[in-house]
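Scroll down for the structure; my scribbles are underneath it.
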Amino acid sequence: MGPAKVIDNTVTRNRQAGIELIDHVGSLVLSNEVSGNLGPGIRLARGANIRALLNEVENNTQQGIDLDGDSAGNIIDDNEVKENDAAGIQLDAAAAGNVIRRNKLKKNSAS
């Protein structure tokens, strides 16, 4: 499977994660509005070299952005993550070598 490109979407009111990439390598999640989902706004599971950039992630019932499992080498940059019901950005203990920078976190329940 080639890299996914999830660009310029409005993702709202889903029963689970708004955007979820599992076992992806080299994918791009760019300039999406993700809100009101019954799970994390953006979930990256066991992914590598994924870039999540310039997303607005708010009012989700779990984490704003969740790096789960053996997620490594990902870049989470310049996202606005606010008012989620858990951490704004959460990394699983097995997630290593990720770059988290220039994000704006505001009023998340566990950030």
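Residue numbering restarts at 1 in every chain; chains get A, B, ... in the order shown in the structure tokens, and ligands count up from 1 in that same order.
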**Q.** Distance query Asp66 of chain A at most 12 Å, only C-alpha atoms, self and fewer than 3 positions along chain excluded, as a ChimeraX atom specification
**A.** /A:17-22,39-47,52,57,60,62-63,69-71,74,76,81,84,86-93,95,100
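Candidate residues A:Ala110, A:Ile65, A:Leu53, A:Val34 were compared for distance to Val11 of chain A, and the nearest is A:Val34, using only C-alpha atoms.
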**Q.** Nearest-residue call for Ala94 of chain A, choices A:Asp68, A:Asp77, A:Asp8, A:Glu58, using only C-alpha atoms
**A.**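 Comparing A:Asp68, A:Asp77, A:Asp8, A:Glu58 against Ala94 of chain A, the winner is A:Asp68.
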Q | Pick from A:Arg15, A:Val25, A:Asn32, A:Asn103, whichever lies nearest to Asn55 of chain A using only C-alpha atoms | A |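 Of all the options, A:Asn32 lies closest to Asn55 of chain A.
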Q | Filtered DSSP result for segment 18-111 of chain A, state strand (DSSP E or B), as a ChimeraX atom specification | A | /A:19-22,25,28-30,33-35,42-45,48,51-53,56-58,65-68,72,75-77,80-82,89-91,96,99-101,104-106
Output file for the selection above: C-alpha atoms, as a PDB file, in the first residue's frame:
```pdb
ATOM      1  CA  ILE A  19      -9.098  10.135  10.901  1.00  0.00           C
ATOM      2  CA  GLU A  20      -7.375   6.807  11.583  1.00  0.00           C
ATOM      3  CA  LEU A  21      -4.267   5.455   9.850  1.00  0.00           C
ATOM      4  CA  ILE A  22      -3.147   1.957  10.856  1.00  0.00           C
ATOM      5  CA  VAL A  25       4.275   4.546   6.192  1.00  0.00           C
ATOM      6  CA  LEU A  28       0.354  12.899   5.041  1.00  0.00           C
ATOM      7  CA  VAL A  29      -2.512  14.324   7.148  1.00  0.00           C
ATOM      8  CA  LEU A  30      -2.696  18.019   6.195  1.00  0.00           C
ATOM      9  CA  GLU A  33     -10.832  20.163  10.408  1.00  0.00           C
ATOM     10  CA  VAL A  34     -11.563  17.286  12.787  1.00  0.00           C
ATOM     11  CA  SER A  35     -14.214  17.739  15.485  1.00  0.00           C
ATOM     12  CA  ILE A  42      -6.604  11.766  14.635  1.00  0.00           C
ATOM     13  CA  ARG A  43      -5.243   8.310  15.496  1.00  0.00           C
ATOM     14  CA  LEU A  44      -1.982   6.980  14.071  1.00  0.00           C
ATOM     15  CA  ALA A  45      -1.413   3.331  15.010  1.00  0.00           C
ATOM     16  CA  ALA A  48       6.052   5.399  10.552  1.00  0.00           C
ATOM     17  CA  ARG A  51       3.332  13.872   8.839  1.00  0.00           C
ATOM     18  CA  ALA A  52       0.328  15.458  10.577  1.00  0.00           C
ATOM     19  CA  LEU A  53       0.511  19.173   9.801  1.00  0.00           C
ATOM     20  CA  GLU A  56      -7.539  21.826  13.567  1.00  0.00           C
ATOM     21  CA  VAL A  57      -8.595  19.133  16.034  1.00  0.00           C
ATOM     22  CA  GLU A  58     -11.246  19.970  18.626  1.00  0.00           C
ATOM     23  CA  ILE A  65      -4.070  13.340  18.323  1.00  0.00           C
ATOM     24  CA  ASP A  66      -3.148   9.819  19.454  1.00  0.00           C
ATOM     25  CA  LEU A  67       0.049   7.975  18.452  1.00  0.00           C
ATOM     26  CA  ASP A  68      -0.626   4.381  19.365  1.00  0.00           C
ATOM     27  CA  ALA A  72       7.963   5.866  15.065  1.00  0.00           C
ATOM     28  CA  ILE A  75       6.140  14.476  12.695  1.00  0.00           C
ATOM     29  CA  ILE A  76       3.242  16.213  14.467  1.00  0.00           C
ATOM     30  CA  ASP A  77       3.716  19.905  13.637  1.00  0.00           C
ATOM     31  CA  GLU A  80      -4.254  23.446  16.770  1.00  0.00           C
ATOM     32  CA  VAL A  81      -5.602  20.952  19.305  1.00  0.00           C
ATOM     33  CA  LYS A  82      -8.228  22.199  21.742  1.00  0.00           C
ATOM     34  CA  ILE A  89      -1.577  14.886  22.059  1.00  0.00           C
ATOM     35  CA  GLN A  90      -0.892  11.440  23.502  1.00  0.00           C
ATOM     36  CA  LEU A  91       1.974   9.065  22.714  1.00  0.00           C
ATOM     37  CA  ALA A  96       9.576   6.337  19.813  1.00  0.00           C
ATOM     38  CA  VAL A  99       8.856  14.866  16.585  1.00  0.00           C
ATOM     39  CA  ILE A 100       6.140  16.928  18.281  1.00  0.00           C
ATOM     40  CA  ARG A 101       6.649  20.655  17.673  1.00  0.00           C
ATOM     41  CA  LYS A 104      -1.082  24.868  20.004  1.00  0.00           C
ATOM     42  CA  LEU A 105      -2.791  22.954  22.825  1.00  0.00           C
ATOM     43  CA  LYS A 106      -5.674  24.617  24.648  1.00  0.00           C
TER      44      LYS A 106
END
```
Q.
As an exercise, work out the distance from atom CA of Gly73 of chain A to atom CA of Asp23 of chain A in Å and give it to one decimal place.
A.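 A separation of 13.0 Å between them.
Comparing A:Gly97, A:Ala4, A:Thr12, A:Ser109 by their smallest distance to Gly36 of chain A, the closest is A:Thr12 (using only C-alpha atoms).
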